[in-house]
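Raw contents of upload.cif, mmCIF, C-alpha atoms and all ligand atoms:
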data_start
loop_
_atom_site.label_atom_id
_atom_site.label_comp_id
_atom_site.auth_asym_id
_atom_site.auth_seq_id
_atom_site.Cartn_x
_atom_site.Cartn_y
_atom_site.Cartn_z
CA MET A 1161 0.00 0.00 0.00
CA LYS A 1162 1.25 3.46 -0.92
CA THR A 1163 1.97 5.82 1.95
CA TYR A 1164 1.40 9.48 1.31
CA ARG A 1165 3.71 12.04 2.80
CA PHE A 1166 4.16 15.47 1.44
CA VAL A 1167 6.97 17.94 1.21
CA ILE A 1168 6.18 21.64 0.98
CA PRO A 1169 8.81 23.89 -0.61
CA PRO A 1170 10.24 26.25 2.09
CA LYS A 1171 8.93 29.41 0.40
CA THR A 1172 5.40 28.00 0.29
CA GLN A 1173 5.67 26.75 3.86
CA SER A 1174 6.61 30.17 5.19
CA LEU A 1175 3.74 31.80 3.27
CA LEU A 1176 1.30 29.23 4.72
CA LYS A 1177 2.61 30.00 8.24
CA ARG A 1178 2.10 33.69 7.62
CA ILE A 1179 -1.47 33.09 6.44
CA GLY A 1180 -2.21 30.95 9.52
CA ARG A 1181 -0.79 33.61 11.88
CA LEU A 1182 -2.76 36.39 10.18
CA ALA A 1183 -6.01 34.42 10.57
CA ASP A 1184 -5.20 33.76 14.22
CA GLU A 1185 -4.57 37.47 14.86
CA ARG A 1186 -7.98 38.23 13.35
CA GLY A 1187 -9.71 35.63 15.52
CA GLU A 1188 -10.32 33.47 12.43
CA ALA A 1189 -8.98 30.13 11.17
CA ALA A 1190 -7.41 29.48 7.76
CA TYR A 1191 -7.00 26.18 5.90
CA ALA A 1192 -5.21 25.11 2.74
CA VAL A 1193 -7.79 23.12 0.76
CA GLY A 1194 -8.86 21.53 -2.52
CA GLY A 1195 -6.53 20.85 -5.41
CA PHE A 1196 -3.55 22.30 -3.54
CA VAL A 1197 -3.76 19.66 -0.79
CA ARG A 1198 -4.54 16.83 -3.23
CA ASP A 1199 -1.54 17.77 -5.38
CA LEU A 1200 0.78 17.88 -2.34
CA PHE A 1201 -0.08 14.25 -1.58
CA LEU A 1202 0.36 13.35 -5.24
CA LYS A 1203 3.79 15.01 -5.14
CA ARG A 1204 2.80 17.41 -7.90
CA PRO A 1205 2.82 20.64 -5.89
CA GLY A 1206 1.24 23.46 -7.85
CA VAL A 1207 2.21 27.11 -7.54
CA ASP A 1208 -1.32 28.31 -6.73
CA ILE A 1209 -2.72 27.91 -3.22
CA ASP A 1210 -6.40 27.50 -2.29
CA ILE A 1211 -7.24 28.94 1.12
CA THR A 1212 -10.54 28.73 3.01
CA VAL A 1213 -11.10 31.13 5.90
CA GLU A 1214 -13.58 30.52 8.69
CA GLY A 1215 -14.51 34.18 8.96
CA ASP A 1216 -14.47 36.86 6.30
CA GLY A 1217 -12.44 35.79 3.27
CA VAL A 1218 -12.75 39.13 1.46
CA THR A 1219 -11.29 41.35 4.22
CA PHE A 1220 -8.77 38.59 5.02
CA ALA A 1221 -7.55 38.66 1.40
CA GLU A 1222 -7.30 42.47 1.50
CA GLU A 1223 -5.19 42.32 4.66
CA LEU A 1224 -2.99 39.55 3.22
CA ALA A 1225 -2.45 41.63 0.08
CA ARG A 1226 -1.58 44.72 2.15
CA ARG A 1227 0.99 42.81 4.23
CA THR A 1228 2.62 41.12 1.26
CA GLY A 1229 2.55 44.17 -1.05
CA SER A 1230 0.27 42.33 -3.48
CA GLU A 1231 -2.71 42.99 -5.68
CA VAL A 1232 -6.11 41.56 -4.89
CA GLU A 1233 -8.94 40.79 -7.28
CA ALA A 1234 -12.25 40.25 -5.46
CA PHE A 1235 -15.24 38.30 -6.74
CA SER A 1236 -17.66 38.93 -3.94
CA ARG A 1237 -20.65 36.94 -5.25
CA PHE A 1238 -19.08 33.72 -3.91
CA GLY A 1239 -16.87 35.50 -1.39
CA THR A 1240 -13.79 34.56 -3.46
CA SER A 1241 -10.69 36.73 -3.82
CA ILE A 1242 -7.46 36.13 -5.67
CA VAL A 1243 -4.30 37.59 -4.17
CA VAL A 1244 -1.46 37.78 -6.67
CA ILE A 1245 1.77 37.69 -4.66
CA PRO A 1246 4.83 38.99 -6.56
CA GLY A 1247 7.48 36.35 -7.11
CA PHE A 1248 5.22 33.64 -5.75
CA GLY A 1249 1.91 33.06 -7.51
CA LYS A 1250 -1.79 33.20 -6.86
CA VAL A 1251 -3.54 32.60 -3.57
CA ASP A 1252 -7.29 31.96 -3.91
CA VAL A 1253 -9.09 32.93 -0.73
CA VAL A 1254 -12.69 31.91 -0.05
CA THR A 1255 -14.94 32.27 2.94
CA ALA A 1256 -15.92 28.86 4.33
CA ARG A 1257 -19.47 28.30 3.12
CA THR A 1258 -22.30 25.91 2.58
CA GLU A 1259 -24.09 25.69 -0.73
CA SER A 1260 -27.59 24.63 -1.65
CA TYR A 1261 -28.91 23.93 -5.13
CA GLU A 1262 -32.40 25.21 -5.79
CA SER A 1263 -32.52 23.58 -9.20
CA PRO A 1264 -30.15 21.10 -10.87
CA GLY A 1265 -27.43 22.64 -13.02
CA ALA A 1266 -28.05 26.18 -11.76
CA LEU A 1267 -25.47 28.06 -9.72
CA PRO A 1268 -25.85 27.41 -5.96
CA SER A 1269 -27.04 29.75 -3.22
CA VAL A 1270 -24.28 30.35 -0.75
CA LYS A 1271 -24.22 30.88 3.05
CA LYS A 1272 -21.30 31.30 5.46
CA GLY A 1273 -20.34 28.06 7.22
CA GLY A 1274 -17.54 26.18 9.00
CA ILE A 1275 -14.69 24.24 7.39
CA LEU A 1276 -16.51 20.89 7.55
CA GLN A 1277 -19.53 22.29 5.73
CA ASP A 1278 -17.17 23.87 3.25
CA LEU A 1279 -15.54 20.50 2.56
CA TYR A 1280 -18.95 18.86 2.17
CA ARG A 1281 -19.91 21.19 -0.70
CA ARG A 1282 -16.94 19.96 -2.75
CA ASP A 1283 -16.97 17.58 -5.67
CA PHE A 1284 -14.81 14.56 -4.78
CA THR A 1285 -13.24 13.16 -1.63
CA VAL A 1286 -9.74 13.77 -3.00
CA ASN A 1287 -10.63 17.47 -3.36
CA ALA A 1288 -12.29 17.65 0.05
CA MET A 1289 -9.24 17.56 2.31
CA ALA A 1290 -7.87 20.51 4.26
CA LEU A 1291 -4.64 21.32 6.10
CA SER A 1292 -5.06 23.53 9.13
CA LEU A 1293 -2.80 26.59 9.10
CA SER A 1294 -3.56 27.64 12.70
CA PRO A 1295 -0.35 28.08 14.73
CA GLY A 1296 -1.24 25.32 17.25
CA TYR A 1297 -2.25 22.79 14.54
CA PHE A 1298 -0.07 23.79 11.62
CA LEU A 1299 -0.42 21.29 8.72
CA ARG A 1300 -2.78 18.99 10.62
CA LEU A 1301 -4.90 17.13 8.05
CA LEU A 1302 -8.71 17.25 8.03
CA ASP A 1303 -9.97 14.43 5.86
CA PRO A 1304 -13.58 13.77 6.86
CA PHE A 1305 -14.54 11.78 3.74
CA GLY A 1306 -11.49 9.55 3.32
CA GLY A 1307 -9.84 11.45 0.45
CA LEU A 1308 -6.37 10.17 1.34
CA GLU A 1309 -7.55 6.56 1.34
CA ASP A 1310 -9.15 7.15 -2.07
CA LEU A 1311 -5.90 8.58 -3.42
CA ARG A 1312 -4.15 5.42 -2.21
CA LYS A 1313 -6.78 3.17 -3.73
CA GLY A 1314 -6.72 5.16 -6.96
CA ARG A 1315 -10.36 6.21 -7.02
CA ILE A 1316 -12.40 9.33 -7.69
CA ARG A 1317 -15.40 9.27 -5.37
CA ALA A 1318 -18.25 11.78 -5.08
CA LEU A 1319 -19.47 12.79 -1.63
CA HIS A 1320 -23.15 11.98 -2.06
CA GLU A 1321 -25.73 10.55 -4.44
CA LYS A 1322 -27.08 13.90 -5.65
CA SER A 1323 -23.66 15.35 -6.47
CA PHE A 1324 -23.98 15.07 -10.28
CA VAL A 1325 -27.61 16.19 -10.20
CA ASP A 1326 -26.79 19.32 -8.17
CA ASP A 1327 -23.95 20.17 -10.51
CA PRO A 1328 -23.63 18.10 -13.72
CA THR A 1329 -20.35 19.87 -14.60
CA ARG A 1330 -18.85 17.46 -12.04
CA ILE A 1331 -19.30 14.75 -14.69
CA PHE A 1332 -16.57 16.45 -16.70
CA ARG A 1333 -14.45 17.13 -13.64
CA ALA A 1334 -14.65 13.45 -12.61
CA VAL A 1335 -13.41 12.34 -16.02
CA ARG A 1336 -10.72 15.02 -16.12
CA PHE A 1337 -9.25 14.06 -12.73
CA GLU A 1338 -9.60 10.34 -13.41
CA GLN A 1339 -7.63 10.57 -16.61
CA ARG A 1340 -5.11 13.17 -15.40
CA PHE A 1341 -4.13 11.15 -12.35
CA ARG A 1342 -4.67 7.72 -13.91
CA LYS A 1343 -7.25 6.84 -11.23
CA ARG A 1344 -10.67 5.25 -11.67
CA ILE A 1345 -14.11 6.68 -11.00
CA GLU A 1346 -15.40 4.55 -8.12
CA GLU A 1347 -18.27 2.17 -8.96
CA LYS A 1348 -21.07 3.80 -7.01
CA THR A 1349 -19.92 7.24 -8.15
CA GLN A 1350 -20.03 6.04 -11.76
CA ARG A 1351 -23.61 4.84 -11.25
CA TRP A 1352 -24.58 8.27 -9.88
CA LEU A 1353 -22.78 9.93 -12.77
CA LEU A 1354 -24.58 7.77 -15.35
CA ALA A 1355 -27.93 8.42 -13.67
CA SER A 1356 -27.34 12.15 -14.04
CA VAL A 1357 -26.38 11.68 -17.73
CA LYS A 1358 -29.44 9.51 -18.47
CA GLY A 1359 -31.69 11.85 -16.48
CA ARG A 1360 -30.68 14.58 -18.98
CA PHE A 1361 -29.44 16.90 -16.23
CA ILE A 1362 -26.73 18.19 -18.58
CA ASP A 1363 -29.57 19.90 -20.51
CA ARG A 1364 -29.95 22.32 -17.62
CA VAL A 1365 -26.35 23.52 -17.65
CA SER A 1366 -25.63 26.74 -19.55
CA GLY A 1367 -23.69 26.59 -22.81
CA GLU A 1368 -20.99 28.77 -21.32
CA ARG A 1369 -20.29 26.36 -18.45
CA LEU A 1370 -20.27 23.35 -20.78
CA ARG A 1371 -17.93 25.06 -23.22
CA ASN A 1372 -15.66 25.91 -20.32
CA GLU A 1373 -15.56 22.27 -19.15
CA LEU A 1374 -14.64 21.09 -22.66
CA ARG A 1375 -11.93 23.74 -22.86
CA LEU A 1376 -10.46 22.54 -19.58
CA ILE A 1377 -10.36 19.00 -20.95
CA PHE A 1378 -8.54 20.17 -24.07
CA LEU A 1379 -5.96 21.91 -21.85
CA GLU A 1380 -5.04 18.63 -20.11
CA PRO A 1381 -1.71 17.06 -21.05
CA TYR A 1382 -3.54 14.07 -22.67
CA PRO A 1383 -6.99 15.28 -23.75
CA GLU A 1384 -7.56 12.19 -25.90
CA ARG A 1385 -7.90 10.01 -22.81
CA ALA A 1386 -10.64 12.16 -21.30
CA VAL A 1387 -12.43 12.49 -24.66
CA ARG A 1388 -12.49 8.71 -25.09
CA ARG A 1389 -13.81 8.26 -21.58
CA LEU A 1390 -16.58 10.84 -22.10
CA ASP A 1391 -17.49 8.90 -25.21
CA GLU A 1392 -17.44 5.57 -23.35
CA LEU A 1393 -19.76 7.00 -20.67
CA GLY A 1394 -22.13 8.27 -23.38
CA VAL A 1395 -21.85 11.88 -22.21
CA LEU A 1396 -21.17 13.67 -25.51
CA PRO A 1397 -24.55 13.34 -27.29
CA HIS A 1398 -26.16 14.66 -24.13
CA ILE A 1399 -24.33 17.95 -24.62
CA HIS A 1400 -25.67 18.05 -28.18
CA PRO A 1401 -26.75 15.28 -30.58
CA ALA A 1402 -24.09 16.37 -33.10
CA LEU A 1403 -21.33 15.38 -30.63
CA GLY A 1404 -19.73 11.95 -30.37
CA VAL A 1405 -16.51 10.21 -31.31
CA SER A 1406 -16.88 8.46 -34.66
CA ALA A 1407 -14.74 5.47 -35.65
CA SER A 1408 -12.56 7.71 -37.84
CA SER A 1409 -12.15 10.33 -35.09
CA LYS A 1410 -10.98 7.54 -32.78
CA LYS A 1411 -8.08 7.01 -35.16
CA ALA A 1412 -7.36 10.75 -35.39
CA LEU A 1413 -7.41 11.42 -31.63
CA PRO A 1414 -3.99 9.95 -30.74
CA ARG A 1415 -2.36 12.02 -33.51
CA ILE A 1416 -3.80 15.44 -32.74
CA ALA A 1417 -1.18 16.40 -30.14
CA ASP A 1418 1.65 15.53 -32.59
CA CYS A 1419 0.00 17.54 -35.35
CA ILE A 1420 -0.41 20.56 -33.05
CA ARG A 1421 3.31 20.32 -32.23
CA PHE A 1422 4.11 20.02 -35.94
CA PHE A 1423 2.19 23.24 -36.64
CA GLN A 1424 3.93 25.06 -33.78
CA LYS A 1425 7.35 23.85 -34.88
CA ASN A 1426 6.74 25.05 -38.41
CA LYS A 1427 5.63 28.49 -37.27
CA MET A 1428 1.98 28.02 -38.22
CA PRO A 1429 0.47 28.96 -34.87
CA LEU A 1430 -3.03 27.79 -33.99
CA GLU A 1431 -4.82 30.75 -32.51
CA GLU A 1432 -7.50 28.42 -31.05
CA GLU A 1433 -5.40 25.35 -30.30
CA ARG A 1434 -8.16 23.54 -28.40
CA MET A 1435 -10.35 23.71 -31.53
CA ALA A 1436 -8.02 21.19 -33.17
CA TRP A 1437 -9.39 18.76 -30.54
CA PHE A 1438 -12.95 19.94 -30.67
CA GLN A 1439 -13.33 18.86 -34.30
CA ALA A 1440 -12.74 15.24 -33.28
CA LEU A 1441 -16.02 15.42 -31.34
CA LEU A 1442 -18.17 16.26 -34.37
CA SER A 1443 -20.15 13.17 -35.26
CA ALA A 1444 -22.83 14.90 -37.35
CA ARG A 1445 -21.73 17.55 -39.84
CA GLY A 1446 -24.92 18.80 -41.49
CA GLU A 1447 -25.44 22.55 -41.59
CA GLY A 1448 -28.34 22.38 -39.11
CA ASP A 1449 -26.32 20.17 -36.71
CA VAL A 1450 -23.42 22.58 -36.73
CA GLU A 1451 -25.60 25.65 -36.23
CA GLY A 1452 -27.43 24.05 -33.31
CA LEU A 1453 -24.18 22.96 -31.71
CA CYS A 1454 -22.59 26.40 -32.00
CA LYS A 1455 -25.66 27.92 -30.38
CA ARG A 1456 -25.81 25.35 -27.59
CA LEU A 1457 -22.17 25.88 -26.63
CA MET A 1458 -22.25 29.62 -27.29
CA LEU A 1459 -19.12 29.34 -29.42
CA SER A 1460 -17.28 32.52 -30.39
CA ARG A 1461 -17.34 33.67 -34.02
CA THR A 1462 -13.88 32.28 -34.70
CA GLU A 1463 -14.82 28.95 -33.11
CA GLN A 1464 -17.99 28.83 -35.20
CA LYS A 1465 -16.00 29.48 -38.35
CA ILE A 1466 -13.63 26.63 -37.53
CA VAL A 1467 -16.48 24.21 -36.85
CA ALA A 1468 -18.30 25.18 -40.06
CA GLN A 1469 -15.15 24.86 -42.20
CA SER A 1470 -14.29 21.53 -40.65
CA ALA A 1471 -17.80 20.15 -41.12
CA LYS A 1472 -17.60 20.95 -44.83
CA ALA A 1473 -14.03 19.79 -45.37
CA TYR A 1474 -14.09 16.49 -43.51
CA PRO A 1475 -13.94 13.86 -44.93
CA ALA A 1476 -14.64 15.01 -48.54
CA LEU A 1477 -11.52 17.12 -48.83
CA LEU A 1478 -9.30 14.31 -47.55
CA LYS A 1479 -10.59 12.08 -50.34
CA GLU A 1480 -9.77 14.78 -52.88
CA LEU A 1481 -6.28 15.22 -51.48
CA ALA A 1482 -5.64 11.48 -51.51
CA LYS A 1483 -6.22 11.20 -55.27
CA GLU A 1484 -3.10 10.08 -57.11
CA GLU A 1485 -3.15 12.97 -59.56
CA SER A 1486 -3.51 15.59 -56.81
CA THR A 1487 -0.84 18.17 -57.66
CA VAL A 1488 0.81 20.54 -55.22
CA SER A 1489 -1.08 23.49 -56.69
CA ARG A 1490 -4.33 21.60 -56.17
CA MET A 1491 -3.40 20.96 -52.53
CA TYR A 1492 -2.73 24.66 -52.21
CA ARG A 1493 -6.14 25.53 -53.63
CA LEU A 1494 -7.89 23.10 -51.29
CA LEU A 1495 -5.94 23.69 -48.08
CA CYS A 1496 -4.83 27.28 -48.18
CA PRO A 1497 -8.29 28.86 -47.60
CA LEU A 1498 -8.80 26.80 -44.42
CA ARG A 1499 -7.92 27.95 -40.93
CA PRO A 1500 -4.80 26.29 -39.48
CA GLU A 1501 -6.90 24.55 -36.78
CA VAL A 1502 -8.86 22.81 -39.56
CA GLN A 1503 -5.70 21.98 -41.53
CA CYS A 1504 -4.26 20.50 -38.35
CA PHE A 1505 -7.29 18.29 -37.70
CA LEU A 1506 -7.35 17.13 -41.33
CA MET A 1507 -3.69 16.21 -41.09
CA ALA A 1508 -4.34 14.18 -37.92
CA SER A 1509 -7.22 12.41 -39.68
CA ALA A 1510 -5.30 11.57 -42.85
CA PRO A 1511 -3.93 8.05 -43.44
CA PRO A 1512 -0.09 7.86 -43.14
CA PRO A 1513 0.89 8.40 -46.83
CA LEU A 1514 -1.40 11.41 -47.17
CA ARG A 1515 -0.24 12.74 -43.78
CA ALA A 1516 3.38 12.60 -45.00
CA LYS A 1517 2.38 14.38 -48.22
CA MET A 1518 0.57 17.06 -46.23
CA ALA A 1519 3.59 17.48 -43.94
CA ARG A 1520 5.79 18.07 -46.99
CA TYR A 1521 3.23 20.50 -48.36
CA PHE A 1522 3.01 22.48 -45.11
CA THR A 1523 6.76 22.73 -44.61
CA LYS A 1524 7.75 23.48 -48.19
CA VAL A 1525 4.81 25.08 -49.94
CA GLN A 1526 2.15 26.77 -47.90
CA GLY A 1527 4.32 29.63 -46.74
CA SER A 1528 6.01 30.11 -50.11
CA VAL A 1529 5.84 33.57 -51.60
CA PRO A 1530 4.55 33.83 -55.21
CA TRP A 1531 7.43 34.63 -57.58
CA LEU A 1532 5.28 36.90 -59.72
CA ARG A 1533 3.09 39.84 -58.72
CA GLY A 1534 0.87 42.28 -60.59
CA ARG A 1535 3.72 44.75 -60.94
CA ASP A 1536 5.75 42.16 -62.91
CA LEU A 1537 2.89 41.87 -65.41
CA GLN A 1538 2.69 45.65 -65.62
CA ALA A 1539 6.43 45.84 -66.30
CA LEU A 1540 5.91 43.40 -69.18
CA GLY A 1541 3.35 45.81 -70.64
CA ILE A 1542 0.26 43.68 -69.98
CA PRO A 1543 -2.66 46.04 -69.42
CA PRO A 1544 -4.18 45.67 -65.92
CA GLY A 1545 -7.50 43.82 -65.92
CA PHE A 1546 -9.26 40.63 -64.94
CA ARG A 1547 -6.62 38.60 -66.89
CA TYR A 1548 -4.12 39.39 -64.10
CA SER A 1549 -5.69 37.03 -61.59
CA PHE A 1550 -5.78 34.21 -64.14
CA ILE A 1551 -2.12 34.72 -65.18
CA LEU A 1552 -0.90 35.04 -61.58
CA LEU A 1553 -2.77 31.89 -60.49
CA GLU A 1554 -1.34 29.90 -63.41
CA ALA A 1555 2.13 31.25 -62.62
CA LEU A 1556 1.73 30.20 -58.98
CA ASN A 1557 0.49 26.74 -60.04
CA GLY A 1558 3.55 26.38 -62.29
CA GLN A 1559 5.81 27.47 -59.43
CA LEU A 1560 4.23 25.00 -56.94
CA ASP A 1561 4.15 22.07 -59.34
CA GLY A 1562 7.78 22.59 -60.38
CA LYS A 1563 6.98 23.60 -63.98
CA PHE A 1564 9.30 26.60 -63.49
CA LYS A 1565 12.64 26.31 -61.73
CA ASN A 1566 12.85 29.96 -60.79
CA ARG A 1567 11.34 33.41 -61.19
CA ARG A 1568 13.16 33.97 -64.49
CA GLU A 1569 11.51 30.90 -66.05
CA ALA A 1570 8.10 32.05 -64.78
CA LEU A 1571 8.61 35.46 -66.41
CA GLU A 1572 9.69 33.79 -69.67
CA TRP A 1573 6.48 31.76 -69.67
CA VAL A 1574 4.33 34.89 -69.19
CA LYS A 1575 6.18 36.69 -71.98
CA LYS A 1576 5.78 33.75 -74.38
CA SER A 1577 2.11 33.15 -73.56
CA PHE A 1578 0.69 36.62 -73.03
CA VAL A 1579 2.90 39.25 -74.62
CA SER A 1580 2.56 39.49 -78.37
P1 LIG B 1 -7.10 21.90 -11.18
O1 LIG B 1 -5.83 21.17 -10.80
O2 LIG B 1 -7.69 21.42 -12.46
O3 LIG B 1 -7.04 23.39 -11.05
P2 LIG B 1 -8.62 21.99 -8.73
O4 LIG B 1 -9.06 20.83 -7.88
O5 LIG B 1 -7.65 22.95 -8.14
O6 LIG B 1 -8.12 21.36 -10.09
P3 LIG B 1 -10.47 24.13 -9.22
O7 LIG B 1 -11.46 24.17 -10.36
O8 LIG B 1 -9.39 25.14 -9.17
O9 LIG B 1 -9.94 22.66 -9.21
O10 LIG B 1 -11.31 24.18 -7.87
C1 LIG B 1 -10.70 24.23 -6.59
C2 LIG B 1 -11.47 23.37 -5.61
O11 LIG B 1 -12.84 23.84 -5.55
C3 LIG B 1 -11.59 21.90 -6.02
O12 LIG B 1 -10.47 21.17 -5.57
C4 LIG B 1 -12.87 21.48 -5.36
O13 LIG B 1 -12.66 21.21 -3.99
C5 LIG B 1 -13.72 22.73 -5.45
N1 LIG B 1 -14.59 22.72 -6.64
C6 LIG B 1 -14.32 23.27 -7.86
N2 LIG B 1 -15.35 23.08 -8.70
C7 LIG B 1 -16.29 22.41 -8.02
C8 LIG B 1 -17.59 21.92 -8.35
N3 LIG B 1 -18.11 22.06 -9.56
N4 LIG B 1 -18.27 21.28 -7.36
C9 LIG B 1 -17.74 21.15 -6.13
N5 LIG B 1 -16.53 21.56 -5.77
C10 LIG B 1 -15.80 22.19 -6.70
#
Please express the file's structure as structure tokens.
Amino acid sequence: MKTYRFVIPPKTQSLLKRIGRLADERGEAAYAVGGFVRDLFLKRPGVDIDITVEGDGVTFAEELARRTGSEVEAFSRFGTSIVVIPGFGKVDVVTARTESYESPGALPSVKKGGILQDLYRRDFTVNAMALSLSPGYFLRLLDPFGGLEDLRKGRIRALHEKSFVDDPTRIFRAVRFEQRFRKRIEEKTQRWLLASVKGRFIDRVSGERLRNELRLIFLEPYPERAVRRLDELGVLPHIHPALGVSASSKKALPRIADCIRFFQKNKMPLEEERMAWFQALLSARGEGDVEGLCKRLMLSRTEQKIVAQSAKAYPALLKELAKEESTVSRMYRLLCPLRPEVQCFLMASAPPPLRAKMARYFTKVQGSVPWLRGRDLQALGIPPGFRYSFILLEALNGQLDGKFKNRREALEWVKKSFVS
């Protein structure tokens, strides 16, 4: 059996002591909680600290900021403040609270409470542990739901049966933590999770919150694992019927990360990197499906454009590209108008020979500058007009397909063909 001990870097330890002393001075008690405590036991200490104060978190955060010469951002609706400490990182401070859910999927109503109530409102046992920071009990563990035991046994366990009904976004969090830490959603928890999925409680969650959960999954080091698991649990079509992982997307998923790296390495940055992943979730690509999906998830204009382009291009465009006679200039015509996120997904979806051909195309061709411009045609005495676009396109095709070796040969061809 694994034993869990933790080591706190000295700088963090002295900040925690300071926080505990400050709370004590104010007649309050402070605790390190949530992901920070979980990650200490997993020996993956993060830089950000989550603090819960039995008292008034907002004025506590202001005082902490004043004493450490830091900035504070307050979000008073949930009594949460973020103190940004120079040279250290972020400290999230919340007032210990209890939450109640008036309707499933809605945001909770919040009331001040003690640390145990605060731990009970949390999602999973492994996230519901606290370390006391009070001077007399510094770093004493509060683990009322057996989070440490669950870490040892490798399981993600919800605190109660209604957890996924109260807040269905926990479905996504469960999968994210399970796959990130290579644990397993505990059996009973999985039954509760599936009951929430089948009960269509995801329908009640706003598009913004769902989009945010998907984004968080795409930011994980191995998003493909979490995507596969969401698919296995049948979650995706409950977000929208156009979502699911098709057999062909299953093949593309393990290659997306490599293709994203390829694009970065070749200086073709993906402005919306996570959208390279998102396209693998499109199981229905009709215009109506795509429109409905964009609306449901409240996608931004750029995201909508990517989804629409991808729905049109996949898989028809791959078939076109795979044709034997597909010339480089034809690849250029087909691929160049697409956003890099779509190009990246298509590359991940392509069978190996086509993928290699696309890689050659992206490294050698896509960024190439046309040898001829309008001013070259003018210099040859060709009167400006609609013929220019035809001549320039043909010249570019000749350049890409290797018909001309250099700019001089391209100019010769124009002279011979168009100058009498
Ligand atoms: P990550 O490492 O992804 O940041 P985290 O556990 O720190 O994970 P946060 O989203 O930063 O997650 O939330 C901090 C803590 O707040 C969690 O550890 C958990 O205790 C609690 N929490 C966050 N979201 C929920 C939720 N939807 N339901 C219940 N508790 C939550």
Query raised in the report: Which residues, written as JSON, numbers by chain, have at least one atom at most 10 Å from Leu1200 of chain A, with all atoms listed in the file counted and residues fewer than 4 positions away on the same chain left out?
Result: {"A": [1164, 1165, 1166, 1167, 1168, 1195, 1196, 1204, 1205, 1206]}
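The residue that comes closest to Tyr1474 of chain A, out of A:Gln1277, A:Ser1528, A:Ser1408, A:Ser1323 and on the basis of all atoms listed in the file, is A:Ser1408.
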Requested in this report: Measure the distance from atom CA of Pro1401 of chain A to atom CA of Ser1509 of chain A in Å and round it to one decimal.
Outcome: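 Atom CA of Ser1509 of chain A lies 21.7 Å from atom CA of Pro1401 of chain A.
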Ligand LIG 1 (chain B): which residues are within 10 Å, counting all atoms listed in the file? Reply as a compact mmCIF listing (two decimals) with C-alpha atoms, in the frame of the given file.
# COMPACT_ATOMS: atom_id res chain seq x y z
CA VAL A 1193 -7.79 23.12 0.76
CA GLY A 1194 -8.86 21.53 -2.52
CA GLY A 1195 -6.53 20.85 -5.41
CA PHE A 1196 -3.55 22.30 -3.54
CA VAL A 1197 -3.76 19.66 -0.79
CA ARG A 1198 -4.54 16.83 -3.23
CA ASP A 1199 -1.54 17.77 -5.38
CA ARG A 1204 2.80 17.41 -7.90
CA PRO A 1205 2.82 20.64 -5.89
CA GLY A 1206 1.24 23.46 -7.85
CA ASP A 1208 -1.32 28.31 -6.73
CA ILE A 1209 -2.72 27.91 -3.22
CA ASP A 1210 -6.40 27.50 -2.29
CA ILE A 1211 -7.24 28.94 1.12
CA ASP A 1252 -7.29 31.96 -3.91
CA VAL A 1254 -12.69 31.91 -0.05
CA GLU A 1259 -24.09 25.69 -0.73
CA GLY A 1265 -27.43 22.64 -13.02
CA LEU A 1267 -25.47 28.06 -9.72
CA PRO A 1268 -25.85 27.41 -5.96
CA ASP A 1278 -17.17 23.87 3.25
CA LEU A 1279 -15.54 20.50 2.56
CA TYR A 1280 -18.95 18.86 2.17
CA ARG A 1281 -19.91 21.19 -0.70
CA ARG A 1282 -16.94 19.96 -2.75
CA ASP A 1283 -16.97 17.58 -5.67
CA PHE A 1284 -14.81 14.56 -4.78
CA THR A 1285 -13.24 13.16 -1.63
CA VAL A 1286 -9.74 13.77 -3.00
CA ASN A 1287 -10.63 17.47 -3.36
CA ALA A 1288 -12.29 17.65 0.05
CA MET A 1289 -9.24 17.56 2.31
CA ALA A 1290 -7.87 20.51 4.26
CA ALA A 1318 -18.25 11.78 -5.08
CA LEU A 1319 -19.47 12.79 -1.63
CA SER A 1323 -23.66 15.35 -6.47
CA PHE A 1324 -23.98 15.07 -10.28
CA ASP A 1326 -26.79 19.32 -8.17
CA ASP A 1327 -23.95 20.17 -10.51
CA PRO A 1328 -23.63 18.10 -13.72
CA THR A 1329 -20.35 19.87 -14.60
CA ARG A 1330 -18.85 17.46 -12.04
CA ILE A 1331 -19.30 14.75 -14.69
CA PHE A 1332 -16.57 16.45 -16.70
CA ARG A 1333 -14.45 17.13 -13.64
CA ALA A 1334 -14.65 13.45 -12.61
CA ARG A 1336 -10.72 15.02 -16.12
CA PHE A 1337 -9.25 14.06 -12.73
CA ARG A 1340 -5.11 13.17 -15.40
CA GLU A 1373 -15.56 22.27 -19.15
CA LEU A 1376 -10.46 22.54 -19.58
CA ILE A 1377 -10.36 19.00 -20.95
CA LEU A 1379 -5.96 21.91 -21.85
CA GLU A 1380 -5.04 18.63 -20.11
Query - Shell around Phe1235 of chain A at 12 Å using only C-alpha atoms, local window under 3 positions removed, as a list in words - result: Gly1217, Val1218, Ala1221, Val1232, Phe1238, Gly1239, Thr1240, Ser1241, Ile1242, Val1243, Asp1252, Val1253, Val1254 and Thr1255 of chain A
Requested in this report: Would you kindly return, as a list in words, each protein, DNA or RNA residue with an atom no farther than 12 Å from any atom of Lys1411 of chain A, considering all atoms listed in the file and excluding same-chain residues fewer than 2 positions away?
Outcome: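 Contacts, in chain order: Glu1384, Arg1388, Val1405, Ser1406, Ala1407, Ser1408, Ser1409, Leu1413, Pro1414, Arg1415, Ile1416, Ala1440, Phe1505, Leu1506, Met1507, Ala1508, Ser1509, Ala1510, Pro1511 and Pro1512 of chain A.
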